[in-house]
Amino acid sequence: MKAVHYLNQFFAGLGGEDKAETPPTRLEGAVGPGRGLADELGDIEIVATLACGDDYFAEHEEEALATLLGYLAEDGPDVFIAGPAFGSGRYGYACGTLVASAAERGIPSVAAMHPENPGVDAAGKAYVVPTAVNVAGMRDALPRLARLATALAQGRELGTADDEGYLPRGFRRNYFAEKTGAERAVDLLLAKLGGEAHTEVGGGLDRVEPPAAVRDLSETLVALVTEAGCVPQGNPDRLASVRAKGWLRYELDGAVSLSASRYESVHGGFDVTLANEDPNRLVPLDTARALEREGRIGRVHETFYTTTGNGTPVVTSTRFGREIAGELREAGVGAVLLSGT
């Protein structure tokens with residue numbers, strides 16, 4: 001039996017952020033972490049490694065997906081494996097999108113990443129093996145990824161997510177429980193008191209209905225908000241570069257643009273070189289001021305808000321949004337230009 005493995009440019013050994021624009025490519029055999037994965041797969045051979053730069057996939061998704069799926073069809077593997085992507089959002093999104101598309105084409109597929117990686121949603125109903133948030137969890141992730149990949153390649157009927165070690169996919173199956181609901185509830189409570197949190201209730205993300213369109217931007221107060229980690233030089237308020245615990249606000253004091261001598265990005269999830277050359281790439285104050293002068297927007301709010309979205313849990317990000325939105329509402333802001341990475 002044979003497998004095909006997907007990696008981003010970094011893990012494929014093609015380079016770091018400087019090679020994030022690398023287009024899809026096919027490499028012979030196992031590469032990088034694929035070598036460790038191959039040892040765990042036993043009789044299943046990794047015949048090819050597909051690789052693509054994180055930025056290239058994000059910016060040319062349709063083209064990249066078509067090329068990579070073309071390579072995959074040519075190899076005709078018994079199983080397609082992507083990652084582990086850990087907490088890397090761009091890499092995880094590519095992995096999730098690829099395994100979802102491959103599974104739709106009848107190719108058994110599995111990815112590996114942190115449960116809060118946005119790539120989990122992109123994977124849809126494809127299998128995802130949970131990992132640690134960073135590469136320190138590689139040694140633990142590869143054997144579990146290989147076990148599930150082997151089962152898929154062999155066509156074995158899989159058991160539950162807990163039994164097989166993959167993230168729940170949203171399917172419900174009826175079964176006869178050994179204990180009543182009351183007994184299971186007590187067991188769950190005792191487990192929680194003992195430091196082990198379990199649940200029988202599946203989670204999900206809230207869906208927020210979009211508000212009505214702004215009727216007249218020329219009379220609207222517009223605020224600038226970013227998760228790109230834009231802060232004053234030296235990061236005086238110590239905004240975390242990953243898994244932020246809070247957000248910050250800074251006064252613009254009538255400035256017409258953000259100066260590179262005064263602002264920088266402390267985001268830990270992308271190469272900030274170009275952003276630091278011109279912080280307006282993070283918080284587009286220069287463009288907003290131009291629109292203000294042209295009368296296309298009423299006025300720019302004189303406070304901008306910033307945090308880092310890198311690895312930040314959804315529940316924490318939700319709290320940030322509510323808190324910032326509360327302040328903006330009180331200030332009479334009618335629209336927000338939200339910039340990301």
# chains A, B, ... in the order shown; residues from 1 in each chain; ligands from 1
>>> select_by_dssp(residues="stretch 148-321 of chain A", states="strand (DSSP E)", output="VMD selection string")
chain A and resid 221 to 226 230 to 232 248 to 251 263 to 265 299 to 306
>>> residues_around(residues="stretch 59-73 of chain A", least_positions_apart="6", cutoff="9 Å", atoms="only C-alpha atoms", output="JSON, numbers by chain")
{"A": [4, 21, 23, 24, 25, 26, 48, 50, 51, 52, 80, 94, 97, 98, 101, 102]}
>>> write_last_selection(atoms="N, CA, C and O atoms", output="CSV table (one decimal), in the first residue's frame")
chain,number,residue,atom,x,y,z
A,4,VAL,N,0.5,9.3,0.2
A,4,VAL,CA,1.0,10.6,-0.2
A,4,VAL,C,0.9,11.5,1.0
A,4,VAL,O,-0.1,11.6,1.7
A,21,GLU,N,5.8,31.9,-0.5
A,21,GLU,CA,5.1,32.0,-1.8
A,21,GLU,C,5.4,30.9,-2.8
A,21,GLU,O,5.1,31.0,-4.0
A,23,PRO,N,5.1,27.9,-5.0
A,23,PRO,CA,3.9,27.2,-5.6
A,23,PRO,C,3.9,25.7,-5.3
A,23,PRO,O,4.9,25.2,-4.9
A,24,PRO,N,2.8,25.0,-5.6
A,24,PRO,CA,2.8,23.5,-5.4
A,24,PRO,C,3.9,22.8,-6.1
A,24,PRO,O,4.3,23.1,-7.2
A,25,THR,N,4.4,21.8,-5.4
A,25,THR,CA,5.5,21.0,-5.9
A,25,THR,C,5.3,19.6,-5.4
A,25,THR,O,4.7,19.3,-4.4
A,26,ARG,N,5.9,18.6,-6.2
A,26,ARG,CA,5.9,17.2,-5.8
A,26,ARG,C,7.3,16.7,-5.6
A,26,ARG,O,8.2,16.9,-6.4
A,48,ALA,N,5.3,9.8,-2.3
A,48,ALA,CA,5.5,11.2,-2.7
A,48,ALA,C,5.1,12.2,-1.6
A,48,ALA,O,4.3,11.9,-0.7
A,50,LEU,N,3.8,16.1,-1.2
A,50,LEU,CA,3.3,17.3,-1.9
A,50,LEU,C,3.6,18.5,-1.0
A,50,LEU,O,3.4,18.4,0.2
A,51,ALA,N,4.0,19.6,-1.5
A,51,ALA,CA,4.4,20.8,-0.7
A,51,ALA,C,3.9,22.0,-1.4
A,51,ALA,O,3.8,22.1,-2.6
A,52,CYS,N,3.6,23.1,-0.6
A,52,CYS,CA,3.2,24.4,-1.1
A,52,CYS,C,3.4,25.4,0.0
A,52,CYS,O,3.3,25.1,1.2
A,80,PHE,N,-4.2,9.5,2.0
A,80,PHE,CA,-3.6,10.8,1.9
A,80,PHE,C,-3.5,11.4,3.3
A,80,PHE,O,-4.4,11.4,4.1
A,94,ALA,N,-4.6,24.9,4.9
A,94,ALA,CA,-4.3,24.2,3.7
A,94,ALA,C,-4.5,22.7,3.9
A,94,ALA,O,-5.0,22.0,3.0
A,97,THR,N,-8.3,21.9,4.0
A,97,THR,CA,-8.9,22.0,2.7
A,97,THR,C,-8.5,20.9,1.8
A,97,THR,O,-9.4,20.3,1.1
A,98,LEU,N,-7.3,20.5,1.9
A,98,LEU,CA,-6.8,19.4,1.0
A,98,LEU,C,-7.5,18.0,1.4
A,98,LEU,O,-7.9,17.3,0.5
A,101,SER,N,-11.1,18.0,0.3
A,101,SER,CA,-11.3,17.8,-1.1
A,101,SER,C,-10.9,16.4,-1.6
A,101,SER,O,-11.6,15.8,-2.4
A,102,ALA,N,-9.8,15.8,-1.0
A,102,ALA,CA,-9.4,14.5,-1.3
A,102,ALA,C,-10.5,13.5,-0.9
A,102,ALA,O,-10.8,12.5,-1.6
>>> closest_residue(among="A:Gly32, A:Gly268, A:Gly13, A:Gly76", to="A:Leu239", atoms="only C-alpha atoms")
A:Gly268
>>> atom_distance(atom1="atom CA of A:Leu338", atom2="atom CA of A:Tyr93")
20.3 Å
>>> select_by_dssp(residues="stretch 22-217 of chain A", states="alpha helix (DSSP H)", output="number ranges by chain")
A: 33-41, 54-59, 61-75, 89-104, 119-122, 138-154, 161-164, 181-193
>>> closest_atom_pairs(of="stretch 27-101 of chain A", to="stretch 138-149 of chain A", cutoff="9 Å", atoms="only C-alpha atoms", output="JSON lines")
{"residue": "A:Pro33", "atom": "CA", "partner": "A:Met138", "partner_atom": "CA", "distance": 8.2}
{"residue": "A:Gly34", "atom": "CA", "partner": "A:Leu142", "partner_atom": "CA", "distance": 8.9}
{"residue": "A:Gly36", "atom": "CA", "partner": "A:Leu142", "partner_atom": "CA", "distance": 7.1}
{"residue": "A:Leu37", "atom": "CA", "partner": "A:Leu142", "partner_atom": "CA", "distance": 5.6}
{"residue": "A:Ala38", "atom": "CA", "partner": "A:Ala146", "partner_atom": "CA", "distance": 8.2}
{"residue": "A:Glu40", "atom": "CA", "partner": "A:Pro143", "partner_atom": "CA", "distance": 5.8}
{"residue": "A:Leu41", "atom": "CA", "partner": "A:Ala146", "partner_atom": "CA", "distance": 5.4}
{"residue": "A:Gly42", "atom": "CA", "partner": "A:Ala146", "partner_atom": "CA", "distance": 9.0}
{"residue": "A:Val79", "atom": "CA", "partner": "A:Ala149", "partner_atom": "CA", "distance": 6.5}
{"residue": "A:Phe80", "atom": "CA", "partner": "A:Ala149", "partner_atom": "CA", "distance": 7.8}
{"residue": "A:Ile81", "atom": "CA", "partner": "A:Ala149", "partner_atom": "CA", "distance": 7.0}
{"residue": "A:Pro84", "atom": "CA", "partner": "A:Ala141", "partner_atom": "CA", "distance": 7.3}
{"residue": "A:Phe86", "atom": "CA", "partner": "A:Met138", "partner_atom": "CA", "distance": 8.5}
>>> closest_residue(among="A:Asn235, A:Asn134, A:Thr226, A:Thr316", to="A:Leu337", atoms="only C-alpha atoms")
A:Thr226
>>> closest_residue(among="A:Gly29, A:Pro118, A:Gly254, A:Pro77", to="A:Pro313", atoms="only C-alpha atoms")
A:Pro118
>>> closest_residue(among="A:Leu224, A:Ala20, A:Ala100, A:Val31", to="A:Asp286", atoms="only C-alpha atoms")
A:Leu224
>>> residues_around(residues="A:Ala123", least_positions_apart="5", cutoff="12 Å", atoms="only C-alpha atoms", output="ChimeraX atom specification")
/A:82,92-104,109-113,115,117-118,128-129,167-169
>>> closest_residue(among="A:Thr341, A:Glu116, A:Thr131, A:Ser257", to="A:Ala290", atoms="only C-alpha atoms")
A:Ser257
>>> atom_distance(atom1="atom CA of A:Gln9", atom2="atom CA of A:Asp271")
13.9 Å
>>> residues_around(residues="A:Gly298", least_positions_apart="3", cutoff="7 Å", atoms="only C-alpha atoms", output="MDAnalysis selection string")
chainID A and resid 217:221 292 295
>>> closest_residue(among="A:Val315, A:Ile324, A:Val256, A:Glu264", to="A:Leu291", atoms="only C-alpha atoms")
A:Val256
>>> atom_distance(atom1="atom CA of A:Leu282", atom2="atom CA of A:Phe57")
20.7 Å
